[in-house]
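Peer 1: What follows is the file entry16.pdb, containing PDB, C-alpha atoms and all ligand atoms:
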```
MODEL        1
ATOM      1  CA  MET E  11       0.000   0.000   0.000
ATOM      2  CA  LEU E  12       1.299   3.499  -0.746
ATOM      3  CA  LYS E  13       1.516   5.394   2.520
ATOM      4  CA  GLN E  14      -0.568   8.552   2.915
ATOM      5  CA  ASP E  15       2.416  10.861   2.928
ATOM      6  CA  GLN E  16       4.111   9.017   0.098
ATOM      7  CA  GLU E  17       3.277  10.678  -3.179
ATOM      8  CA  PRO E  18       3.300   8.592  -6.352
ATOM      9  CA  ARG E  19       6.554   8.983  -8.223
ATOM     10  CA  THR E  20       6.017  11.686 -10.786
ATOM     11  CA  ALA E  21       8.526  13.990 -12.369
ATOM     12  CA  SER E  22       9.149  17.338 -10.760
ATOM     13  CA  VAL E  23       9.989  20.367 -12.852
ATOM     14  CA  GLU E  24      13.684  20.152 -11.899
ATOM     15  CA  LYS E  25      13.886  16.723 -13.464
ATOM     16  CA  THR E  26      12.436  17.885 -16.770
ATOM     17  CA  THR E  27      15.398  19.931 -18.005
ATOM     18  CA  GLU E  28      16.412  17.268 -20.510
ATOM     19  CA  LEU E  29      12.899  16.501 -21.691
ATOM     20  CA  TRP E  30      11.063  17.676 -24.800
ATOM     21  CA  ALA E  31       7.555  18.739 -25.654
ATOM     22  CA  PHE E  32       5.626  18.933 -28.897
ATOM     23  CA  PHE E  33       4.286  22.473 -28.670
ATOM     24  CA  ARG E  34       2.855  24.846 -31.316
ATOM     25  CA  GLY E  35       3.759  22.438 -34.082
ATOM     26  CA  GLU E  36       7.389  21.740 -33.168
ATOM     27  CA  PHE E  37       9.600  20.019 -30.641
ATOM     28  CA  VAL E  38      10.879  22.379 -27.950
ATOM     29  CA  PRO E  39      12.560  21.816 -24.578
ATOM     30  CA  LEU E  40       9.795  21.035 -22.054
ATOM     31  CA  ARG E  41      10.836  23.995 -19.913
ATOM     32  CA  ASP E  42      10.022  26.325 -22.836
ATOM     33  CA  ALA E  43       6.582  24.855 -23.571
ATOM     34  CA  ASN E  44       4.615  27.577 -21.786
ATOM     35  CA  ILE E  45       1.184  29.082 -22.427
ATOM     36  CA  ASN E  46      -0.027  32.612 -21.688
ATOM     37  CA  VAL E  47      -2.241  33.155 -18.616
ATOM     38  CA  MET E  48      -5.055  34.382 -20.884
ATOM     39  CA  THR E  49      -5.269  31.014 -22.657
ATOM     40  CA  HIS E  50      -8.934  29.963 -22.803
ATOM     41  CA  GLY E  51      -8.206  26.353 -21.797
ATOM     42  CA  PHE E  52      -6.418  27.556 -18.655
ATOM     43  CA  ASN E  53      -9.189  29.979 -17.705
ATOM     44  CA  TYR E  54     -12.174  27.697 -18.305
ATOM     45  CA  GLY E  55     -10.897  24.107 -18.338
ATOM     46  CA  THR E  56     -11.731  23.904 -22.045
ATOM     47  CA  ALA E  57      -9.180  21.261 -22.916
ATOM     48  CA  VAL E  58      -9.115  17.494 -23.322
ATOM     49  CA  PHE E  59      -6.285  15.151 -22.551
ATOM     50  CA  GLU E  60      -4.958  11.620 -22.444
ATOM     51  CA  GLY E  61      -2.668   9.611 -20.246
ATOM     52  CA  ILE E  62      -0.583   7.100 -22.134
ATOM     53  CA  ARG E  63       2.037   4.774 -20.713
ATOM     54  CA  ALA E  64       5.205   3.529 -22.334
ATOM     55  CA  TYR E  65       6.839   0.538 -20.631
ATOM     56  CA  TRP E  66      10.572  -0.102 -20.577
ATOM     57  CA  ASN E  67      11.527  -3.699 -21.348
ATOM     58  CA  ALA E  68      15.117  -4.102 -20.139
ATOM     59  CA  ASP E  69      15.603  -7.545 -21.740
ATOM     60  CA  GLU E  70      14.812  -6.212 -25.184
ATOM     61  CA  GLU E  71      16.188  -2.718 -24.436
ATOM     62  CA  GLN E  72      12.951  -1.434 -25.900
ATOM     63  CA  LEU E  73      10.337   1.097 -24.872
ATOM     64  CA  PHE E  74       6.809  -0.065 -25.690
ATOM     65  CA  ALA E  75       4.131   2.628 -26.042
ATOM     66  CA  LEU E  76       0.772   1.211 -25.006
ATOM     67  CA  GLU E  77      -2.375   1.630 -27.115
ATOM     68  CA  LEU E  78      -1.241   4.742 -28.976
ATOM     69  CA  LEU E  79      -3.977   4.772 -31.603
ATOM     70  CA  PRO E  80      -6.925   4.119 -29.248
ATOM     71  CA  HIS E  81      -5.736   6.989 -27.033
ATOM     72  CA  PHE E  82      -5.336   9.394 -29.948
ATOM     73  CA  GLU E  83      -8.704   8.344 -31.359
ATOM     74  CA  ARG E  84     -10.275   8.979 -27.965
ATOM     75  CA  ILE E  85      -8.680  12.411 -27.599
ATOM     76  CA  ARG E  86     -10.015  13.354 -31.028
ATOM     77  CA  ALA E  87     -13.519  12.279 -29.941
ATOM     78  CA  SER E  88     -13.143  14.247 -26.676
ATOM     79  CA  ALA E  89     -11.948  17.275 -28.667
ATOM     80  CA  ARG E  90     -14.988  17.124 -30.949
ATOM     81  CA  LEU E  91     -17.243  17.224 -27.877
ATOM     82  CA  LEU E  92     -15.661  20.608 -27.136
ATOM     83  CA  MET E  93     -15.843  21.689 -30.801
ATOM     84  CA  MET E  94     -12.109  21.398 -31.417
ATOM     85  CA  GLU E  95     -10.490  19.985 -34.544
ATOM     86  CA  ILE E  96      -6.743  19.779 -35.000
ATOM     87  CA  ARG E  97      -5.015  19.087 -38.279
ATOM     88  CA  GLN E  98      -3.072  15.993 -37.173
ATOM     89  CA  SER E  99      -4.746  12.587 -37.566
ATOM     90  CA  PRO E 100      -4.518   9.996 -34.754
ATOM     91  CA  GLU E 101      -1.838   8.208 -36.802
ATOM     92  CA  GLU E 102       0.184  11.426 -37.095
ATOM     93  CA  LEU E 103      -0.166  12.113 -33.375
ATOM     94  CA  ALA E 104       1.071   8.582 -32.639
ATOM     95  CA  GLU E 105       4.116   9.248 -34.824
ATOM     96  CA  ILE E 106       4.755  12.575 -33.047
ATOM     97  CA  ALA E 107       4.493  10.775 -29.684
ATOM     98  CA  CYS E 108       7.102   8.206 -30.773
ATOM     99  CA  GLU E 109       9.422  10.941 -32.034
ATOM    100  CA  LEU E 110       9.032  12.751 -28.706
ATOM    101  CA  LEU E 111       9.877   9.577 -26.780
ATOM    102  CA  ARG E 112      12.942   9.035 -28.974
ATOM    103  CA  ARG E 113      14.130  12.588 -28.273
ATOM    104  CA  ASP E 114      13.619  12.105 -24.535
ATOM    105  CA  GLY E 115      15.589   8.856 -24.803
ATOM    106  CA  LEU E 116      14.397   7.501 -21.464
ATOM    107  CA  ARG E 117      15.209   3.954 -20.445
ATOM    108  CA  GLU E 118      12.448   3.643 -17.873
ATOM    109  CA  ASP E 119       8.653   3.728 -17.760
ATOM    110  CA  VAL E 120       7.186   6.936 -19.162
ATOM    111  CA  TYR E 121       3.826   8.668 -18.941
ATOM    112  CA  LEU E 122       2.767  10.684 -21.982
ATOM    113  CA  ARG E 123       0.365  13.553 -21.654
ATOM    114  CA  PRO E 124      -1.264  14.798 -24.882
ATOM    115  CA  ILE E 125      -3.556  17.819 -24.469
ATOM    116  CA  ILE E 126      -5.775  19.492 -27.049
ATOM    117  CA  TYR E 127      -6.768  22.873 -25.709
ATOM    118  CA  LYS E 128      -8.545  26.100 -26.591
ATOM    119  CA  SER E 129      -5.480  28.159 -27.342
ATOM    120  CA  SER E 130      -7.135  31.536 -28.011
ATOM    121  CA  GLU E 131      -6.059  34.176 -25.525
ATOM    122  CA  THR E 132      -9.428  35.710 -24.883
ATOM    123  CA  ILE E 133     -12.108  36.127 -22.233
ATOM    124  CA  GLY E 134     -15.581  34.625 -22.694
ATOM    125  CA  VAL E 135     -17.329  31.382 -21.789
ATOM    126  CA  ARG E 136     -18.103  29.486 -24.996
ATOM    127  CA  LEU E 137     -16.817  26.723 -27.220
ATOM    128  CA  HIS E 138     -17.235  28.204 -30.713
ATOM    129  CA  ASN E 139     -14.998  30.616 -32.621
ATOM    130  CA  LEU E 140     -11.860  29.714 -30.689
ATOM    131  CA  ASP E 141      -8.550  28.276 -31.865
ATOM    132  CA  ALA E 142      -7.341  24.883 -30.729
ATOM    133  CA  ASP E 143      -3.852  23.456 -30.487
ATOM    134  CA  VAL E 144      -2.226  20.221 -29.398
ATOM    135  CA  THR E 145       0.709  19.630 -27.108
ATOM    136  CA  ILE E 146       2.376  16.407 -25.951
ATOM    137  CA  PHE E 147       4.976  15.847 -23.271
ATOM    138  CA  GLY E 148       6.264  12.844 -21.382
ATOM    139  CA  VAL E 149       7.680  12.316 -17.901
ATOM    140  CA  PRO E 150       9.290   9.349 -16.132
ATOM    141  CA  PHE E 151       6.536   7.626 -14.198
ATOM    142  CA  GLY E 152       6.287   4.772 -11.749
ATOM    143  CA  GLN E 153       3.269   3.549  -9.809
ATOM    144  CA  TYR E 154       0.224   5.772  -9.490
ATOM    145  CA  ILE E 155      -1.519   3.649  -6.877
ATOM    146  CA  ASP E 156      -0.624   0.294  -5.343
ATOM    147  CA  THR E 157      -1.006  -2.625  -7.744
ATOM    148  CA  GLU E 158      -0.194  -5.611  -5.545
ATOM    149  CA  GLY E 159      -1.215  -5.659  -1.892
ATOM    150  CA  GLY E 160      -4.503  -3.870  -2.449
ATOM    151  CA  ILE E 161      -5.871  -0.464  -1.592
ATOM    152  CA  ARG E 162      -8.473   0.873   0.831
ATOM    153  CA  ALA E 163     -11.246   2.909  -0.761
ATOM    154  CA  GLN E 164     -14.041   5.154   0.361
ATOM    155  CA  VAL E 165     -17.343   5.796  -1.379
ATOM    156  CA  SER E 166     -17.155   9.515  -2.005
ATOM    157  CA  THR E 167     -19.658  12.084  -0.830
ATOM    158  CA  TRP E 168     -19.025  13.747  -4.201
ATOM    159  CA  ARG E 169     -21.159  12.504  -7.110
ATOM    160  CA  ARG E 170     -19.966  11.904 -10.660
ATOM    161  CA  THR E 171     -20.691  14.673 -13.159
ATOM    162  CA  ASP E 172     -23.644  13.669 -15.289
ATOM    163  CA  ASP E 173     -23.524  13.308 -19.079
ATOM    164  CA  ASN E 174     -25.760  16.365 -19.290
ATOM    165  CA  ALA E 175     -23.508  18.394 -16.988
ATOM    166  CA  ILE E 176     -19.944  17.609 -18.038
ATOM    167  CA  PRO E 177     -19.810  14.369 -20.051
ATOM    168  CA  ALA E 178     -17.543  11.785 -18.413
ATOM    169  CA  ARG E 179     -17.075  10.079 -21.776
ATOM    170  CA  GLY E 180     -14.958  13.029 -22.831
ATOM    171  CA  LYS E 181     -11.633  13.270 -21.045
ATOM    172  CA  ILE E 182     -12.118  16.970 -20.298
ATOM    173  CA  THR E 183      -9.548  18.711 -18.108
ATOM    174  CA  GLY E 184     -12.104  20.879 -16.259
ATOM    175  CA  ALA E 185     -14.094  17.772 -15.335
ATOM    176  CA  TYR E 186     -11.148  16.434 -13.337
ATOM    177  CA  VAL E 187     -12.024  18.835 -10.537
ATOM    178  CA  ASN E 188     -14.718  16.231  -9.799
ATOM    179  CA  GLY E 189     -12.112  13.468  -9.431
ATOM    180  CA  ALA E 190      -9.779  15.746  -7.468
ATOM    181  CA  LEU E 191     -12.519  16.592  -4.941
ATOM    182  CA  ALA E 192     -13.200  12.890  -4.454
ATOM    183  CA  LYS E 193      -9.554  11.807  -4.316
ATOM    184  CA  SER E 194      -8.509  14.429  -1.775
ATOM    185  CA  GLU E 195     -11.524  13.736   0.398
ATOM    186  CA  ALA E 196     -10.635  10.039   0.419
ATOM    187  CA  GLN E 197      -6.923  10.544   1.046
ATOM    188  CA  LEU E 198      -7.397  13.173   3.740
ATOM    189  CA  ASN E 199      -9.825  10.775   5.415
ATOM    190  CA  GLY E 200      -7.088   8.148   5.473
ATOM    191  CA  PHE E 201      -8.087   6.063   2.418
ATOM    192  CA  ASP E 202      -6.100   5.448  -0.746
ATOM    193  CA  GLU E 203      -8.759   6.056  -3.359
ATOM    194  CA  ALA E 204     -12.336   7.231  -3.915
ATOM    195  CA  ILE E 205     -15.211   5.349  -5.500
ATOM    196  CA  VAL E 206     -17.692   7.784  -6.990
ATOM    197  CA  LEU E 207     -21.430   7.204  -7.432
ATOM    198  CA  THR E 208     -23.671   8.615 -10.139
ATOM    199  CA  ALA E 209     -26.227  11.258  -9.156
ATOM    200  CA  ASP E 210     -28.835   8.445  -8.919
ATOM    201  CA  GLY E 211     -26.620   6.470  -6.558
ATOM    202  CA  HIS E 212     -25.084   3.755  -8.733
ATOM    203  CA  VAL E 213     -21.398   2.956  -8.746
ATOM    204  CA  SER E 214     -19.628   4.873 -11.502
ATOM    205  CA  GLU E 215     -15.836   4.599 -11.173
ATOM    206  CA  GLY E 216     -12.761   5.656  -9.210
ATOM    207  CA  SER E 217     -11.276   9.163  -9.311
ATOM    208  CA  ALA E 218      -9.288   8.219 -12.425
ATOM    209  CA  GLU E 219      -9.977   4.494 -12.866
ATOM    210  CA  ASN E 220     -12.730   2.178 -14.026
ATOM    211  CA  LEU E 221     -14.147  -0.312 -11.541
ATOM    212  CA  PHE E 222     -14.932  -4.016 -11.645
ATOM    213  CA  ILE E 223     -16.408  -6.368  -9.077
ATOM    214  CA  VAL E 224     -16.372 -10.165  -9.065
ATOM    215  CA  LYS E 225     -19.386 -11.944  -7.602
ATOM    216  CA  GLY E 226     -19.978 -15.685  -7.924
ATOM    217  CA  GLY E 227     -17.269 -15.969 -10.576
ATOM    218  CA  VAL E 228     -18.859 -13.291 -12.811
ATOM    219  CA  LEU E 229     -17.021 -10.073 -13.613
ATOM    220  CA  VAL E 230     -19.344  -7.060 -13.439
ATOM    221  CA  THR E 231     -18.598  -3.474 -14.440
ATOM    222  CA  PRO E 232     -20.800  -0.376 -14.781
ATOM    223  CA  PRO E 233     -22.098   0.296 -18.306
ATOM    224  CA  VAL E 234     -20.870   3.268 -20.332
ATOM    225  CA  THR E 235     -24.201   4.985 -19.557
ATOM    226  CA  ASP E 236     -23.308   5.255 -15.845
ATOM    227  CA  ASN E 237     -21.115   8.324 -16.432
ATOM    228  CA  ILE E 238     -17.796   6.525 -16.741
ATOM    229  CA  LEU E 239     -14.869   7.230 -18.989
ATOM    230  CA  GLU E 240     -14.927   4.487 -21.619
ATOM    231  CA  GLY E 241     -11.595   3.115 -20.511
ATOM    232  CA  ILE E 242      -9.159   1.430 -22.834
ATOM    233  CA  THR E 243      -7.846  -0.761 -20.003
ATOM    234  CA  ARG E 244     -11.429  -1.675 -19.072
ATOM    235  CA  ARG E 245     -12.103  -2.892 -22.609
ATOM    236  CA  ARG E 246      -8.863  -4.908 -22.742
ATOM    237  CA  LEU E 247      -9.487  -6.545 -19.377
ATOM    238  CA  MET E 248     -12.981  -7.557 -20.485
ATOM    239  CA  GLU E 249     -11.444  -9.185 -23.581
ATOM    240  CA  ILE E 250      -8.821 -11.053 -21.537
ATOM    241  CA  ALA E 251     -11.435 -12.204 -19.007
ATOM    242  CA  ARG E 252     -13.752 -13.556 -21.694
ATOM    243  CA  GLU E 253     -11.259 -14.902 -24.193
ATOM    244  CA  GLU E 254      -8.319 -16.062 -22.111
ATOM    245  CA  LEU E 255      -9.803 -16.801 -18.684
ATOM    246  CA  GLY E 256     -13.266 -17.901 -19.842
ATOM    247  CA  VAL E 257     -14.866 -15.622 -17.235
ATOM    248  CA  GLU E 258     -18.351 -14.261 -17.903
ATOM    249  CA  VAL E 259     -18.382 -10.443 -18.089
ATOM    250  CA  VAL E 260     -21.533  -8.398 -17.513
ATOM    251  CA  GLU E 261     -21.943  -4.645 -17.992
ATOM    252  CA  ARG E 262     -24.741  -3.450 -15.722
ATOM    253  CA  SER E 263     -25.408  -0.864 -13.045
ATOM    254  CA  ILE E 264     -23.944  -1.716  -9.637
ATOM    255  CA  ASP E 265     -25.486  -0.705  -6.303
ATOM    256  CA  ARG E 266     -23.278   0.706  -3.560
ATOM    257  CA  THR E 267     -23.917  -2.219  -1.207
ATOM    258  CA  GLU E 268     -22.965  -4.719  -3.906
ATOM    259  CA  LEU E 269     -19.451  -3.390  -3.381
ATOM    260  CA  TYR E 270     -19.501  -4.470   0.256
ATOM    261  CA  GLY E 271     -20.702  -7.973  -0.648
ATOM    262  CA  ALA E 272     -18.397  -8.497  -3.627
ATOM    263  CA  ASP E 273     -15.899 -11.368  -3.660
ATOM    264  CA  GLU E 274     -13.355  -9.110  -5.369
ATOM    265  CA  VAL E 275     -13.124  -5.477  -6.427
ATOM    266  CA  PHE E 276     -10.447  -3.840  -8.524
ATOM    267  CA  LEU E 277      -9.771  -0.538 -10.249
ATOM    268  CA  CYS E 278      -8.052  -0.226 -13.605
ATOM    269  CA  GLY E 279      -6.713   2.386 -15.951
ATOM    270  CA  THR E 280      -3.634   3.385 -17.866
ATOM    271  CA  GLY E 281      -2.161   5.234 -14.890
ATOM    272  CA  ALA E 282      -3.545   3.000 -12.159
ATOM    273  CA  GLN E 283      -2.921  -0.183 -14.184
ATOM    274  CA  MET E 284      -4.638  -2.957 -12.144
ATOM    275  CA  SER E 285      -5.230  -2.169  -8.509
ATOM    276  CA  PRO E 286      -6.997  -4.617  -6.166
ATOM    277  CA  VAL E 287      -9.350  -3.018  -3.647
ATOM    278  CA  ILE E 288      -9.280  -4.898  -0.328
ATOM    279  CA  GLU E 289     -11.381  -2.612   1.817
ATOM    280  CA  ILE E 290     -14.306  -0.260   1.112
ATOM    281  CA  ASP E 291     -15.848   2.013   3.742
ATOM    282  CA  ARG E 292     -14.018  -0.041   6.421
ATOM    283  CA  ARG E 293     -15.525  -3.319   5.243
ATOM    284  CA  SER E 294     -13.046  -5.947   4.194
ATOM    285  CA  ILE E 295     -13.452  -7.236   0.632
ATOM    286  CA  GLY E 296     -12.682 -10.888  -0.127
ATOM    287  CA  GLY E 297     -10.970 -11.453   3.204
ATOM    288  CA  GLY E 298      -8.694  -8.434   2.750
ATOM    289  CA  ARG E 299      -6.563 -10.003   0.028
ATOM    290  CA  PRO E 300      -6.580  -9.687  -3.768
ATOM    291  CA  GLY E 301      -8.789 -12.470  -5.183
ATOM    292  CA  PRO E 302      -8.064 -15.083  -7.870
ATOM    293  CA  VAL E 303      -9.737 -13.362 -10.832
ATOM    294  CA  THR E 304      -8.026 -10.054  -9.997
ATOM    295  CA  LYS E 305      -4.661 -11.788  -9.684
ATOM    296  CA  ALA E 306      -5.053 -13.752 -12.919
ATOM    297  CA  LEU E 307      -6.045 -10.646 -14.886
ATOM    298  CA  SER E 308      -3.283  -8.648 -13.284
ATOM    299  CA  ARG E 309      -0.604 -11.200 -14.174
ATOM    300  CA  ILE E 310      -1.614 -11.215 -17.830
ATOM    301  CA  TYR E 311      -2.007  -7.437 -17.999
ATOM    302  CA  PHE E 312       1.427  -6.613 -16.567
ATOM    303  CA  ASP E 313       3.152  -9.127 -18.834
ATOM    304  CA  ALA E 314       1.202  -7.892 -21.854
ATOM    305  CA  VAL E 315       2.043  -4.202 -21.408
ATOM    306  CA  ARG E 316       5.758  -4.925 -21.082
ATOM    307  CA  GLY E 317       5.761  -6.907 -24.311
ATOM    308  CA  ARG E 318       6.205 -10.331 -22.746
ATOM    309  CA  LEU E 319       3.137 -11.917 -24.341
ATOM    310  CA  PRO E 320       3.174 -12.305 -28.141
ATOM    311  CA  ALA E 321      -0.632 -12.561 -28.203
ATOM    312  CA  TYR E 322      -0.925  -8.963 -27.011
ATOM    313  CA  ARG E 323       1.930  -7.359 -28.934
ATOM    314  CA  SER E 324      -0.616  -5.569 -31.112
ATOM    315  CA  TRP E 325      -1.321  -3.250 -28.154
ATOM    316  CA  LEU E 326       2.252  -1.990 -28.292
ATOM    317  CA  THR E 327       4.360   0.272 -30.483
ATOM    318  CA  PRO E 328       8.133  -0.230 -30.131
ATOM    319  CA  VAL E 329       9.642   3.248 -29.858
ATOM    320  CA  TYR E 330      13.360   2.647 -30.435
TER     321      TYR E 330
HETATM  322  N1  LIG E 401     -11.885   6.750 -15.602
HETATM  323  C1  LIG E 401     -11.295   7.949 -15.458
HETATM  324  C2  LIG E 401     -12.073   9.063 -14.857
HETATM  325  C3  LIG E 401      -9.973   8.126 -15.880
HETATM  326  O1  LIG E 401      -9.385   9.326 -15.750
HETATM  327  C4  LIG E 401      -9.252   7.054 -16.443
HETATM  328  C5  LIG E 401      -7.831   7.221 -16.869
HETATM  329  N2  LIG E 401      -7.731   7.650 -18.187
HETATM  330  C6  LIG E 401      -9.923   5.823 -16.571
HETATM  331  C7  LIG E 401     -11.240   5.716 -16.137
HETATM  332  C8  LIG E 401      -9.248   4.646 -17.209
HETATM  333  O2  LIG E 401      -9.162   4.845 -18.598
HETATM  334  P1  LIG E 401      -8.006   4.194 -19.467
HETATM  335  O3  LIG E 401      -8.016   2.739 -19.142
HETATM  336  O4  LIG E 401      -8.401   4.455 -20.869
HETATM  337  O5  LIG E 401      -6.749   4.848 -19.075
ENDMDL
END
```
Mind turning this structure into structure tokens?
Peer 2:
Amino acid sequence: MLKQDQEPRTASVEKTTELWAFFRGEFVPLRDANINVMTHGFNYGTAVFEGIRAYWNADEEQLFALELLPHFERIRASARLLMMEIRQSPEELAEIACELLRRDGLREDVYLRPIIYKSSETIGVRLHNLDADVTIFGVPFGQYIDTEGGIRAQVSTWRRTDDNAIPARGKITGAYVNGALAKSEAQLNGFDEAIVLTADGHVSEGSAENLFIVKGGVLVTPPVTDNILEGITRRRLMEIAREELGVEVVERSIDRTELYGADEVFLCGTGAQMSPVIEIDRRSIGGGRPGPVTKALSRIYFDAVRGRLPAYRSWLTPVY
């Protein structure tokens, strides 16, 4: 378990002096990739983003970028929600991301952050008649939350933003205030992570992760209509469960108290990876240890993302 005062390992600004960014159509040192304070996206949260991992495989001396195209297709869909079009296609953005990673030359796990944002420097709440631009940078990145021993979660008092308020299906920067409220509440209350309910009281997801429960051998996860981000990891884990483990997967709404009675619960996402939940609202889940389905999925997932399983190599783009 990550301790409360132990922040996940993320890059600080001092460590970024050798890193690059794709900014205003060219590669520049990350320290020079700065926007003006009047930028619309900064003032109003009118930006969309992605979190992409690249895994270092020391045996092959190779960096594997995970799911580049699905992430760049999703950011384009998020951008369209906010009436933004950029000239680069998802394929071109994937190529730019690889070039950026090659310039950074890191031999460790990396987190890539593409952002498409309203770049006009102007005051006024709206989406139309504004310019948009894209930027991408990467930082060395380790664990975001614990992935082995299991985490302790709290059902948040904050509710998930509704599709008709700020759509969760778009990865919209301003919407992450919702996750931040929930995450800080949980951590300051002594938990590791928050589980957020929809306005009508069904389980939606974690602060930045999708959620699964296992009950009676069946894997259950909230449907995309319960205000979740349509996670790429979620989709992959459903495929592995069905096709490799022969586990039945059901997408349906989940009640809060089903969490307490679940045999297993886990969170998943690009940043979070696979994180077993062993306690919710001070009730032990599955005897306080990660369960068999969680462990089996986790084993396959971590091998797949590092390029150790030929069957899942199609998820990966070798960078070097
Ligand atoms: N839900 C939210 C709110 C997230 O921020 C993320 C992380 N992108 C996820 C779910 C997981 O999505 P993915 O597996 O595509 O990273």
Peer 1: Find the residues around stretch 52-60 of chain E up to 8 Å (only C-alpha atoms counted), leave out those fewer than 3 positions away in its own chain, and share them as a PyMOL selection string.
Peer 2: chain E and resi 47-49+81-82+85+88-89+92+122-128+135+137+180-185
Peer 1: Run through the PyMOL selection byres (((chain E and resi 192-207) around 8) and not hetatm) on the given coordinates and return the selected residues as a count of residues only.
Peer 2: 28
Peer 1: Rank E:Thr145, E:Gln72, E:Asn46, E:Thr267 by their smallest atom-to-atom distance to E:Asp291, using all atoms listed in the file, and report the top residue only.
Peer 2: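 Checking each candidate against E:Asp291, we get E:Thr267 as the closest.
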Peer 1: Identify the residues within 12 Å of coordinate (-9.8, -2.3, 0.3) (same frame as the file), considering all atoms listed in the file, and give the answer as a compact mmCIF listing (two decimals) with C-alpha atoms, keeping the file's coordinate frame.
Peer 2:
```txt
# COMPACT_ATOMS: atom_id res chain seq x y z
CA MET E 11 0.00 0.00 0.00
CA ASP E 156 -0.62 0.29 -5.34
CA THR E 157 -1.01 -2.62 -7.74
CA GLU E 158 -0.19 -5.61 -5.54
CA GLY E 159 -1.22 -5.66 -1.89
CA GLY E 160 -4.50 -3.87 -2.45
CA ILE E 161 -5.87 -0.46 -1.59
CA ARG E 162 -8.47 0.87 0.83
CA ALA E 163 -11.25 2.91 -0.76
CA GLN E 164 -14.04 5.15 0.36
CA VAL E 165 -17.34 5.80 -1.38
CA GLY E 200 -7.09 8.15 5.47
CA PHE E 201 -8.09 6.06 2.42
CA ASP E 202 -6.10 5.45 -0.75
CA GLU E 203 -8.76 6.06 -3.36
CA ALA E 204 -12.34 7.23 -3.92
CA ILE E 205 -15.21 5.35 -5.50
CA LEU E 269 -19.45 -3.39 -3.38
CA TYR E 270 -19.50 -4.47 0.26
CA ALA E 272 -18.40 -8.50 -3.63
CA ASP E 273 -15.90 -11.37 -3.66
CA GLU E 274 -13.36 -9.11 -5.37
CA VAL E 275 -13.12 -5.48 -6.43
CA PHE E 276 -10.45 -3.84 -8.52
CA LEU E 277 -9.77 -0.54 -10.25
CA SER E 285 -5.23 -2.17 -8.51
CA PRO E 286 -7.00 -4.62 -6.17
CA VAL E 287 -9.35 -3.02 -3.65
CA ILE E 288 -9.28 -4.90 -0.33
CA GLU E 289 -11.38 -2.61 1.82
CA ILE E 290 -14.31 -0.26 1.11
CA ASP E 291 -15.85 2.01 3.74
CA ARG E 292 -14.02 -0.04 6.42
CA ARG E 293 -15.52 -3.32 5.24
CA SER E 294 -13.05 -5.95 4.19
CA ILE E 295 -13.45 -7.24 0.63
CA GLY E 296 -12.68 -10.89 -0.13
CA GLY E 297 -10.97 -11.45 3.20
CA GLY E 298 -8.69 -8.43 2.75
CA ARG E 299 -6.56 -10.00 0.03
CA PRO E 300 -6.58 -9.69 -3.77
CA GLY E 301 -8.79 -12.47 -5.18
```
Peer 1: Using only C-alpha atoms and all ligand atoms, determine which residues fall within 6 Å of ligand LIG 401 (chain E), then list them as a list in words.
Peer 2: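 Sorted by chain and then by number, the residues are Gly61, Ser217, Ala218, Glu219, Asn220, Leu239, Gly241, Ile242, Thr243, Arg244, Gly279 and Thr280 of chain E.
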Peer 1: Please, what distance in Å, to one decimal, runs between atom CA of E:Glu258 and atom CA of E:Leu229?
Peer 2: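 A separation of 6.1 Å between them.
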Peer 1: Considering only C-alpha atoms, can you say which of E:Ala282, E:Val234, E:Ala251, E:Ala175 comes closest to E:Ala306?
Peer 2: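 Comparing E:Ala282, E:Val234, E:Ala251, E:Ala175 against E:Ala306, the winner is E:Ala251.
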Peer 1: What does the distance from atom CA of E:Thr304 to atom CA of E:Glu71 come to in Å, to one decimal?
Peer 2: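 Computing the Euclidean distance for atom CA of E:Thr304 and atom CA of E:Glu71 yields 29.1 Å.
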Peer 1: Could you tell me how far atom CA of E:Met248 sits from atom CA of E:Pro302, in Å to one decimal place?
Peer 2: 15.5 Å
Peer 1: Using all atoms listed in the file, which of the listed residues (E:Phe312, E:Tyr121, E:Phe32, E:Phe37) sits closest to E:Ala75?
Peer 2: E:Tyr121
Peer 1: Starting from 6 Å padding per side, set up an axis-aligned box that covers all listed atoms of stretch 224-243 of chain E and hand over centre and edge lengths in Å, one decimal, as lines of an AutoDock Vina configuration file.
Peer 2:
```
center_x = -16.0
center_y = -3.8
center_z = -15.2
size_x = 28.4
size_y = 36.3
size_z = 27.2
```
